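Participant: What follows is coords27.pdb, PDB, C-alpha atoms.
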```
ATOM      1  CA  MET A 909      -3.779 -23.327   6.450
ATOM      2  CA  PRO A 910      -1.328 -23.064   9.359
ATOM      3  CA  ALA A 911      -2.091 -25.237  12.343
ATOM      4  CA  LEU A 912      -3.810 -23.491  15.236
ATOM      5  CA  ILE A 913      -2.334 -24.161  18.680
ATOM      6  CA  ALA A 914      -4.296 -23.291  21.799
ATOM      7  CA  THR A 915      -2.566 -22.795  25.127
ATOM      8  CA  HIS A 916      -3.539 -20.985  28.296
ATOM      9  CA  SER A 917      -3.488 -17.218  28.626
ATOM     10  CA  GLY A 918      -1.607 -15.197  31.219
ATOM     11  CA  PRO A 919       1.755 -16.115  32.752
ATOM     12  CA  PHE A 920       3.523 -19.064  31.177
ATOM     13  CA  HIS A 921       6.201 -21.610  31.994
ATOM     14  CA  ALA A 922       9.007 -23.451  30.272
ATOM     15  CA  ASP A 923       6.918 -26.513  29.392
ATOM     16  CA  ASP A 924       4.235 -24.755  27.325
ATOM     17  CA  VAL A 925       6.915 -22.602  25.671
ATOM     18  CA  MET A 926       8.940 -25.676  24.754
ATOM     19  CA  ALA A 927       5.860 -27.577  23.591
ATOM     20  CA  VAL A 928       4.933 -24.822  21.136
ATOM     21  CA  GLY A 929       8.589 -24.490  20.117
ATOM     22  CA  LEU A 930       8.755 -28.207  19.298
ATOM     23  CA  ILE A 931       5.577 -27.979  17.215
ATOM     24  CA  ARG A 932       6.936 -25.058  15.222
ATOM     25  CA  ALA A 933      10.344 -26.669  14.817
ATOM     26  CA  PHE A 934       9.161 -30.083  13.643
ATOM     27  CA  HIS A 935       5.463 -29.979  12.714
ATOM     28  CA  ASP A 936       4.427 -26.588  11.358
ATOM     29  CA  PRO A 937       6.764 -23.563  11.434
ATOM     30  CA  SER A 938       3.808 -21.301  10.579
ATOM     31  CA  ALA A 939       1.578 -22.594  13.372
ATOM     32  CA  GLU A 940      -0.453 -19.851  14.995
ATOM     33  CA  VAL A 941      -1.080 -19.609  18.738
ATOM     34  CA  VAL A 942      -4.201 -18.540  20.556
ATOM     35  CA  ARG A 943      -3.731 -18.070  24.277
ATOM     36  CA  THR A 944      -7.050 -18.560  26.037
ATOM     37  CA  ARG A 945      -8.987 -20.483  28.657
ATOM     38  CA  ASP A 946     -12.232 -20.238  26.659
ATOM     39  CA  LEU A 947     -13.269 -23.877  26.148
ATOM     40  CA  ALA A 948     -15.046 -23.086  22.884
ATOM     41  CA  ARG A 949     -11.922 -21.527  21.364
ATOM     42  CA  ILE A 950      -9.800 -24.368  22.728
ATOM     43  CA  ALA A 951     -12.091 -26.905  21.077
ATOM     44  CA  GLU A 952     -11.547 -25.222  17.688
ATOM     45  CA  ALA A 953      -7.765 -25.613  17.829
ATOM     46  CA  ASP A 954      -5.852 -28.286  15.937
ATOM     47  CA  LEU A 955      -3.438 -28.752  18.843
ATOM     48  CA  VAL A 956      -3.970 -27.918  22.507
ATOM     49  CA  VAL A 957      -1.027 -27.511  24.870
ATOM     50  CA  ASP A 958      -0.995 -27.275  28.690
ATOM     51  CA  VAL A 959      -4.705 -26.561  28.962
ATOM     52  CA  GLY A 960      -8.028 -28.279  28.252
ATOM     53  CA  GLY A 961      -7.844 -31.160  30.722
ATOM     54  CA  LEU A 962      -7.113 -33.886  28.172
ATOM     55  CA  TYR A 963      -4.118 -35.942  27.092
ATOM     56  CA  ASP A 964      -4.992 -37.568  23.777
ATOM     57  CA  PRO A 965      -2.205 -37.421  21.160
ATOM     58  CA  PRO A 966      -4.368 -38.710  18.242
ATOM     59  CA  THR A 967      -6.590 -35.624  18.618
ATOM     60  CA  GLY A 968      -3.687 -33.270  19.386
ATOM     61  CA  ARG A 969      -4.475 -32.722  23.066
ATOM     62  CA  PHE A 970      -1.519 -32.362  25.450
ATOM     63  CA  ASP A 971      -2.507 -31.362  28.978
ATOM     64  CA  HIS A 972      -1.107 -32.911  32.158
ATOM     65  CA  HIS A 973      -2.973 -31.049  34.884
ATOM     66  CA  GLN A 974      -6.091 -33.220  35.119
ATOM     67  CA  ALA A 975      -6.393 -35.849  37.856
ATOM     68  CA  ALA A 976      -6.902 -38.558  35.217
ATOM     69  CA  TYR A 977      -3.307 -38.161  34.060
ATOM     70  CA  THR A 978      -0.796 -39.687  36.476
ATOM     71  CA  GLY A 979       2.290 -39.901  34.277
ATOM     72  CA  PRO A 980       5.602 -38.026  34.600
ATOM     73  CA  LEU A 981       5.309 -35.736  31.581
ATOM     74  CA  SER A 982       4.563 -32.050  31.243
ATOM     75  CA  SER A 983       3.127 -30.662  28.013
ATOM     76  CA  ALA A 984       6.669 -30.491  26.632
ATOM     77  CA  GLY A 985       7.300 -34.196  27.188
ATOM     78  CA  MET A 986       3.880 -35.052  25.790
ATOM     79  CA  VAL A 987       4.478 -33.127  22.569
ATOM     80  CA  LEU A 988       7.979 -34.551  22.153
ATOM     81  CA  ALA A 989       6.655 -38.112  22.541
ATOM     82  CA  TRP A 990       3.926 -37.425  19.963
ATOM     83  CA  LEU A 991       6.392 -35.963  17.460
ATOM     84  CA  ARG A 992       8.698 -38.935  17.937
ATOM     85  CA  GLU A 993       5.935 -41.507  17.573
ATOM     86  CA  SER A 994       4.528 -39.779  14.492
ATOM     87  CA  GLY A 995       7.943 -39.777  12.809
ATOM     88  CA  ALA A 996       8.260 -35.992  12.764
ATOM     89  CA  ILE A 997      11.501 -36.270  14.746
ATOM     90  CA  PRO A 998      14.024 -39.069  14.162
ATOM     91  CA  VAL A 999      14.251 -41.380  17.159
ATOM     92  CA  ALA A1000      17.901 -40.585  17.916
ATOM     93  CA  LEU A1001      17.304 -36.817  17.821
ATOM     94  CA  ALA A1002      14.150 -37.135  19.926
ATOM     95  CA  GLU A1003      16.128 -39.059  22.509
ATOM     96  CA  GLU A1004      18.822 -36.378  22.574
ATOM     97  CA  LEU A1005      16.204 -33.652  23.003
ATOM     98  CA  ARG A1006      14.529 -35.637  25.773
ATOM     99  CA  VAL A1007      17.714 -36.274  27.715
ATOM    100  CA  GLY A1008      19.283 -32.872  26.980
ATOM    101  CA  ALA A1009      16.281 -30.661  27.669
ATOM    102  CA  VAL A1010      12.770 -32.005  27.976
ATOM    103  CA  ASP A1011      13.145 -34.437  30.890
ATOM    104  CA  TYR A1012      14.461 -31.540  32.950
ATOM    105  CA  LEU A1013      11.497 -29.338  31.999
ATOM    106  CA  ASP A1014       9.088 -32.140  32.857
ATOM    107  CA  ASP A1015      10.745 -32.580  36.250
ATOM    108  CA  VAL A1016      10.706 -28.855  37.035
ATOM    109  CA  ASP A1017       7.117 -28.318  35.936
ATOM    110  CA  ASN A1018       5.874 -31.325  37.905
ATOM    111  CA  GLY A1019       7.746 -30.349  41.060
ATOM    112  CA  ARG A1020      10.288 -33.162  41.082
ATOM    113  CA  ARG A1021      13.186 -30.723  41.076
ATOM    114  CA  ALA A1022      13.782 -27.005  41.427
ATOM    115  CA  PRO A1023      15.962 -24.960  39.087
ATOM    116  CA  ASP A1024      19.291 -23.914  40.566
ATOM    117  CA  SER A1025      19.107 -20.165  41.169
ATOM    118  CA  ALA A1026      22.757 -19.838  40.139
ATOM    119  CA  VAL A1027      22.302 -21.589  36.767
ATOM    120  CA  PRO A1028      20.679 -19.756  33.818
ATOM    121  CA  CYS A1029      18.717 -22.825  32.690
ATOM    122  CA  PHE A1030      15.768 -22.749  30.302
ATOM    123  CA  PRO A1031      13.041 -22.535  33.002
ATOM    124  CA  ARG A1032      14.797 -19.564  34.614
ATOM    125  CA  ILE A1033      15.259 -17.854  31.240
ATOM    126  CA  VAL A1034      11.543 -18.294  30.521
ATOM    127  CA  GLU A1035      10.710 -17.004  33.995
ATOM    128  CA  ALA A1036      12.752 -13.869  33.270
ATOM    129  CA  LEU A1037      10.984 -13.362  29.936
ATOM    130  CA  VAL A1038       7.623 -13.369  31.734
ATOM    131  CA  GLN A1039       8.574 -10.627  34.192
ATOM    132  CA  PRO A1040       8.108  -7.506  32.016
ATOM    133  CA  ALA A1041       4.520  -8.487  31.155
ATOM    134  CA  GLU A1042       1.593  -7.114  33.143
ATOM    135  CA  ALA A1043      -1.526  -7.237  30.944
ATOM    136  CA  GLU A1044      -2.782 -10.066  28.710
ATOM    137  CA  ASP A1045      -1.338  -8.611  25.514
ATOM    138  CA  GLY A1046       1.995  -8.249  27.279
ATOM    139  CA  PHE A1047       1.969 -11.913  28.262
ATOM    140  CA  ASP A1048       1.084 -12.901  24.690
ATOM    141  CA  ALA A1049       3.963 -10.886  23.243
ATOM    142  CA  ALA A1050       6.375 -12.230  25.855
ATOM    143  CA  PHE A1051       5.217 -15.780  25.104
ATOM    144  CA  GLU A1052       6.039 -15.350  21.420
ATOM    145  CA  ARG A1053       9.502 -14.040  22.298
ATOM    146  CA  ALA A1054      10.061 -17.041  24.553
ATOM    147  CA  VAL A1055       8.874 -19.450  21.848
ATOM    148  CA  GLY A1056      11.256 -17.820  19.378
ATOM    149  CA  PHE A1057      14.088 -18.454  21.803
ATOM    150  CA  ALA A1058      12.945 -22.068  22.240
ATOM    151  CA  VAL A1059      12.803 -22.664  18.479
ATOM    152  CA  ALA A1060      16.323 -21.263  18.039
ATOM    153  CA  TRP A1061      17.581 -23.519  20.842
ATOM    154  CA  ILE A1062      15.826 -26.570  19.392
ATOM    155  CA  HIS A1063      17.242 -25.875  15.924
ATOM    156  CA  GLY A1064      20.687 -25.501  17.473
ATOM    157  CA  MET A1065      20.371 -28.840  19.257
ATOM    158  CA  ALA A1066      19.185 -30.466  16.025
ATOM    159  CA  ALA A1067      22.137 -28.990  14.142
ATOM    160  CA  GLY A1068      24.482 -30.252  16.841
ATOM    161  CA  HIS A1069      22.939 -33.712  16.512
ATOM    162  CA  ARG A1070      23.563 -33.677  12.744
ATOM    163  CA  ARG A1071      27.134 -32.502  13.269
ATOM    164  CA  LYS A1072      27.759 -35.337  15.722
ATOM    165  CA  ALA A1073      26.567 -37.847  13.138
ATOM    166  CA  GLU A1074      28.770 -36.240  10.486
ATOM    167  CA  ALA A1075      31.709 -36.263  12.902
ATOM    168  CA  ARG A1076      31.292 -39.960  13.664
ATOM    169  CA  ALA A1077      31.340 -40.808   9.966
ATOM    170  CA  GLY A1078      34.198 -38.447   9.114
ATOM    171  CA  VAL A1079      36.385 -39.471  12.032
ATOM    172  CA  ALA A1080      35.794 -43.173  11.394
ATOM    173  CA  ALA A1081      36.876 -42.744   7.769
ATOM    174  CA  ALA A1082      39.969 -40.743   8.770
ATOM    175  CA  MET A1083      40.966 -43.315  11.403
ATOM    176  CA  THR A1084      40.622 -46.117   8.871
ATOM    177  CA  ALA A1085      42.709 -44.181   6.343
ATOM    178  CA  ALA A1086      45.451 -43.614   8.926
ATOM    179  CA  GLU A1087      45.430 -47.295   9.886
ATOM    180  CA  GLN A1088      45.732 -48.378   6.267
ATOM    181  CA  ALA A1089      48.577 -45.932   5.641
ATOM    182  CA  GLY A1090      50.337 -46.742   8.905
ATOM    183  CA  SER A1091      50.305 -43.034   9.680
ATOM    184  CA  ASN A1092      50.286 -41.270  13.023
ATOM    185  CA  LEU A1093      48.386 -38.318  11.504
ATOM    186  CA  LEU A1094      44.591 -38.110  11.498
ATOM    187  CA  VAL A1095      43.583 -35.881   8.576
ATOM    188  CA  LEU A1096      40.161 -34.205   8.491
ATOM    189  CA  GLU A1097      39.232 -32.294   5.342
ATOM    190  CA  ARG A1098      36.913 -30.018   7.334
ATOM    191  CA  TYR A1099      36.572 -29.205  10.997
ATOM    192  CA  LEU A1100      34.633 -31.795  12.959
ATOM    193  CA  LYS A1101      34.119 -32.221  16.689
ATOM    194  CA  TRP A1102      36.446 -35.171  16.567
ATOM    195  CA  LYS A1103      37.405 -36.037  20.127
ATOM    196  CA  GLU A1104      34.303 -37.867  21.316
ATOM    197  CA  PRO A1105      33.873 -40.064  18.202
ATOM    198  CA  TYR A1106      37.626 -40.665  18.083
ATOM    199  CA  PHE A1107      37.715 -42.113  21.588
ATOM    200  CA  GLU A1108      34.402 -43.920  21.130
ATOM    201  CA  ARG A1109      36.135 -45.784  18.319
ATOM    202  CA  GLY A1110      39.153 -46.818  20.367
ATOM    203  CA  GLY A1111      41.274 -43.703  19.939
ATOM    204  CA  ALA A1112      43.269 -44.317  23.110
ATOM    205  CA  GLU A1113      44.932 -47.302  21.407
ATOM    206  CA  HIS A1114      44.912 -45.873  17.896
ATOM    207  CA  CYS A1115      48.104 -45.307  15.911
ATOM    208  CA  THR A1116      47.451 -41.575  15.437
ATOM    209  CA  GLU A1117      49.153 -38.932  17.590
ATOM    210  CA  PHE A1118      48.239 -35.701  15.762
ATOM    211  CA  VAL A1119      45.153 -34.424  13.968
ATOM    212  CA  LEU A1120      45.298 -31.983  11.033
ATOM    213  CA  PHE A1121      42.233 -29.972  10.010
ATOM    214  CA  PRO A1122      41.295 -26.588   8.488
ATOM    215  CA  GLY A1123      40.270 -23.655  10.644
ATOM    216  CA  THR A1124      37.294 -21.441   9.853
ATOM    217  CA  ASP A1125      39.723 -18.690   8.798
ATOM    218  CA  GLY A1126      41.362 -20.828   6.107
ATOM    219  CA  SER A1127      44.409 -21.744   8.188
ATOM    220  CA  TRP A1128      45.382 -25.335   9.042
ATOM    221  CA  ARG A1129      45.785 -26.585  12.584
ATOM    222  CA  VAL A1130      47.844 -29.415  14.020
ATOM    223  CA  VAL A1131      46.507 -30.602  17.363
ATOM    224  CA  CYS A1132      48.147 -33.176  19.604
ATOM    225  CA  ILE A1133      45.796 -36.008  20.469
ATOM    226  CA  PRO A1134      45.338 -36.616  24.208
ATOM    227  CA  PRO A1135      45.753 -40.130  25.608
ATOM    228  CA  GLU A1136      42.115 -40.198  26.726
ATOM    229  CA  LEU A1137      38.987 -38.084  26.439
ATOM    230  CA  GLY A1138      39.118 -35.099  28.780
ATOM    231  CA  SER A1139      42.857 -35.270  29.348
ATOM    232  CA  PHE A1140      45.075 -32.207  28.906
ATOM    233  CA  ALA A1141      48.097 -34.413  28.258
ATOM    234  CA  GLN A1142      49.266 -35.402  24.778
ATOM    235  CA  LYS A1143      50.166 -38.733  23.254
ATOM    236  CA  ARG A1144      53.060 -36.822  21.713
ATOM    237  CA  SER A1145      53.843 -33.123  22.023
ATOM    238  CA  LEU A1146      54.973 -30.640  19.411
ATOM    239  CA  PRO A1147      58.682 -29.667  19.549
ATOM    240  CA  GLU A1148      59.828 -27.708  22.571
ATOM    241  CA  ALA A1149      61.658 -25.391  20.187
ATOM    242  CA  TRP A1150      58.294 -24.246  18.743
ATOM    243  CA  ALA A1151      56.720 -23.405  22.098
ATOM    244  CA  GLY A1152      55.175 -19.942  22.300
ATOM    245  CA  LEU A1153      56.546 -18.730  18.948
ATOM    246  CA  THR A1154      54.536 -16.855  16.322
ATOM    247  CA  ASP A1155      54.856 -15.720  12.714
ATOM    248  CA  ALA A1156      58.410 -14.984  11.570
ATOM    249  CA  ALA A1157      60.030 -16.463  14.668
ATOM    250  CA  LEU A1158      58.074 -19.693  14.305
ATOM    251  CA  SER A1159      58.625 -19.832  10.539
ATOM    252  CA  GLU A1160      62.367 -19.499  11.105
ATOM    253  CA  ARG A1161      62.334 -22.286  13.700
ATOM    254  CA  THR A1162      60.166 -24.695  11.629
ATOM    255  CA  GLY A1163      61.882 -23.798   8.352
ATOM    256  CA  VAL A1164      58.425 -23.368   6.793
ATOM    257  CA  PRO A1165      57.111 -19.946   5.677
ATOM    258  CA  GLY A1166      53.557 -19.324   6.833
ATOM    259  CA  SER A1167      53.982 -20.841  10.266
ATOM    260  CA  VAL A1168      51.620 -18.766  12.406
ATOM    261  CA  PHE A1169      51.498 -19.896  16.023
ATOM    262  CA  CYS A1170      52.434 -22.635  18.452
ATOM    263  CA  HIS A1171      50.938 -22.707  21.930
ATOM    264  CA  LYS A1172      53.463 -22.550  24.735
ATOM    265  CA  ASN A1173      52.114 -25.871  26.034
ATOM    266  CA  ARG A1174      52.823 -27.423  22.628
ATOM    267  CA  PHE A1175      49.409 -28.969  21.999
ATOM    268  CA  ILE A1176      48.416 -26.905  18.939
ATOM    269  CA  ALA A1177      50.162 -25.169  16.056
ATOM    270  CA  VAL A1178      48.647 -23.107  13.248
ATOM    271  CA  PHE A1179      49.885 -22.776   9.657
ATOM    272  CA  GLU A1180      48.691 -20.771   6.694
ATOM    273  CA  GLN A1181      48.687 -23.774   4.357
ATOM    274  CA  ARG A1182      48.011 -27.492   4.660
ATOM    275  CA  GLU A1183      51.291 -28.386   2.945
ATOM    276  CA  GLY A1184      53.134 -26.046   5.281
ATOM    277  CA  ALA A1185      51.747 -27.882   8.294
ATOM    278  CA  LEU A1186      52.737 -31.240   6.824
ATOM    279  CA  GLU A1187      56.219 -30.000   5.924
ATOM    280  CA  ALA A1188      56.793 -28.610   9.427
ATOM    281  CA  LEU A1189      55.813 -31.937  10.944
ATOM    282  CA  ARG A1190      58.109 -33.787   8.526
ATOM    283  CA  ARG A1191      61.065 -31.515   9.232
ATOM    284  CA  ALA A1192      60.556 -32.034  12.974
ATOM    285  CA  GLY A1193      60.548 -35.804  12.496
ATOM    286  CA  LEU A1194      57.032 -36.120  13.896
ATOM    287  CA  LEU A1195      55.368 -38.010  11.038
ATOM    288  CA  THR A1196      55.373 -41.767  10.630
TER     289      THR A1196
END
```
Starting from the file, give its structure as structure tokens.

Facilitator:
Amino acid sequence: MPALIATHSGPFHADDVMAVGLIRAFHDPSAEVVRTRDLARIAEADLVVDVGGLYDPPTGRFDHHQAAYTGPLSSAGMVLAWLRESGAIPVALAEELRVGAVDYLDDVDNGRRAPDSAVPCFPRIVEALVQPAEAEDGFDAAFERAVGFAVAWIHGMAAGHRRKAEARAGVAAAMTAAEQAGSNLLVLERYLKWKEPYFERGGAEHCTEFVLFPGTDGSWRVVCIPPELGSFAQKRSLPEAWAGLTDAALSERTGVPGSVFCHKNRFIAVFEQREGALEALRRAGLLT
């Protein structure tokens, strides 16, 4: 049977939306929600969020409004802590979710900070999703839409966390391979968000000056590595003669058919084939 989550009826906020989203993302994707203030119905629920006057994770109760609770969490923070402690969320991912989203929701819901009216943050998005509702069934439908948005966001953050871990491993292996070969080219067999792990691993002093990786369209890209994270400079630039050229004009200049594009600022060039990219770099005397 799907888990039954009870939360309060009527208008809702970012913390109860996120709490239910976390439960569906990491505990039970089929969990059903009853929105009520009826204590008898609340007592029947497997999990109770933002209502009920009790914070007791072993029994699935996550309310922060009662005077007996004096901590900093909202229902979102309470549920995240429970999922982390129960092993439903890996510690590193739970920490990223806490820092990247849930601490902010806890602070907003408990009045420690106000959302910036010029920033479309999660609490303001949830607030907007409440507005069309007028009757109870309207609030219930709007709540489900908001939870769907929260689940999609949570899944996206989890996917980003996995990609970061994959990038750290892939970039470390590519840096080691370049070191062993004495090469100034960092080669990635698939696209990874490489900059942060590269510089975490000492990229500023690393022997590599260019990175080669496939694009999502099947092309291959050569990117100049900056001297430090966040810099728009390059350790070494692509040839001035390539700057701003495309297709036939670039192919003629590189001497390699299938040369597609070089940015006028000479920090990226695109080629149809991997070997074409390597040959263009060789012909320009850029590889060591």

Participant: Run through the PyMOL selection byres ((chain A and resi 964-977) around 10) on the given coordinates and return the selected residues as number ranges by chain.

Facilitator: A: 913-915, 924, 927, 950-951, 953-963, 978-987, 989-991, 993-994, 1018

Participant: Given the file shown, determine the residues that the PyMOL selection byres ((chain A and resi 1114-1124) around 7) selects; report them as a JSON list (two decimals) with C-alpha atoms, in the coordinates of the input.

Facilitator:
```json
[["chain", "number", "residue", "atom", "x", "y", "z"],
["A", 1087, "GLU", "CA", 45.43, -47.30, 9.89],
["A", 1091, "SER", "CA", 50.30, -43.03, 9.68],
["A", 1092, "ASN", "CA", 50.29, -41.27, 13.02],
["A", 1093, "LEU", "CA", 48.39, -38.32, 11.50],
["A", 1094, "LEU", "CA", 44.59, -38.11, 11.50],
["A", 1095, "VAL", "CA", 43.58, -35.88, 8.58],
["A", 1096, "LEU", "CA", 40.16, -34.20, 8.49],
["A", 1097, "GLU", "CA", 39.23, -32.29, 5.34],
["A", 1098, "ARG", "CA", 36.91, -30.02, 7.33],
["A", 1099, "TYR", "CA", 36.57, -29.20, 11.00],
["A", 1110, "GLY", "CA", 39.15, -46.82, 20.37],
["A", 1111, "GLY", "CA", 41.27, -43.70, 19.94],
["A", 1112, "ALA", "CA", 43.27, -44.32, 23.11],
["A", 1113, "GLU", "CA", 44.93, -47.30, 21.41],
["A", 1125, "ASP", "CA", 39.72, -18.69, 8.80],
["A", 1126, "GLY", "CA", 41.36, -20.83, 6.11],
["A", 1127, "SER", "CA", 44.41, -21.74, 8.19],
["A", 1128, "TRP", "CA", 45.38, -25.34, 9.04],
["A", 1129, "ARG", "CA", 45.78, -26.58, 12.58],
["A", 1130, "VAL", "CA", 47.84, -29.42, 14.02],
["A", 1131, "VAL", "CA", 46.51, -30.60, 17.36],
["A", 1132, "CYS", "CA", 48.15, -33.18, 19.60],
["A", 1133, "ILE", "CA", 45.80, -36.01, 20.47],
["A", 1143, "LYS", "CA", 50.17, -38.73, 23.25],
["A", 1144, "ARG", "CA", 53.06, -36.82, 21.71]]
```

Participant: I need the output of the PyMOL selection byres ((chain A and resi 1155) around 9) for this file as a PyMOL selection string; which residues are they?

Facilitator: chain A and resi 1153-1154+1156-1160+1165-1169

Participant: So, counting all atoms listed in the file, which residue among A:Ala1067, A:Val925, A:Leu1005, A:Ala1073 is closest to Glu1052 of chain A?

Facilitator: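 Among the listed residues, A:Val925 lies closest to Glu1052 of chain A.
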
Participant: Write out as an MDAnalysis selection string which residues come within 10 Å of Asp1045 of chain A when counting all atoms listed in the file, dropping same-chain ones fewer than 6 positions away.

Facilitator: chainID A and resid 917:918 943 1051
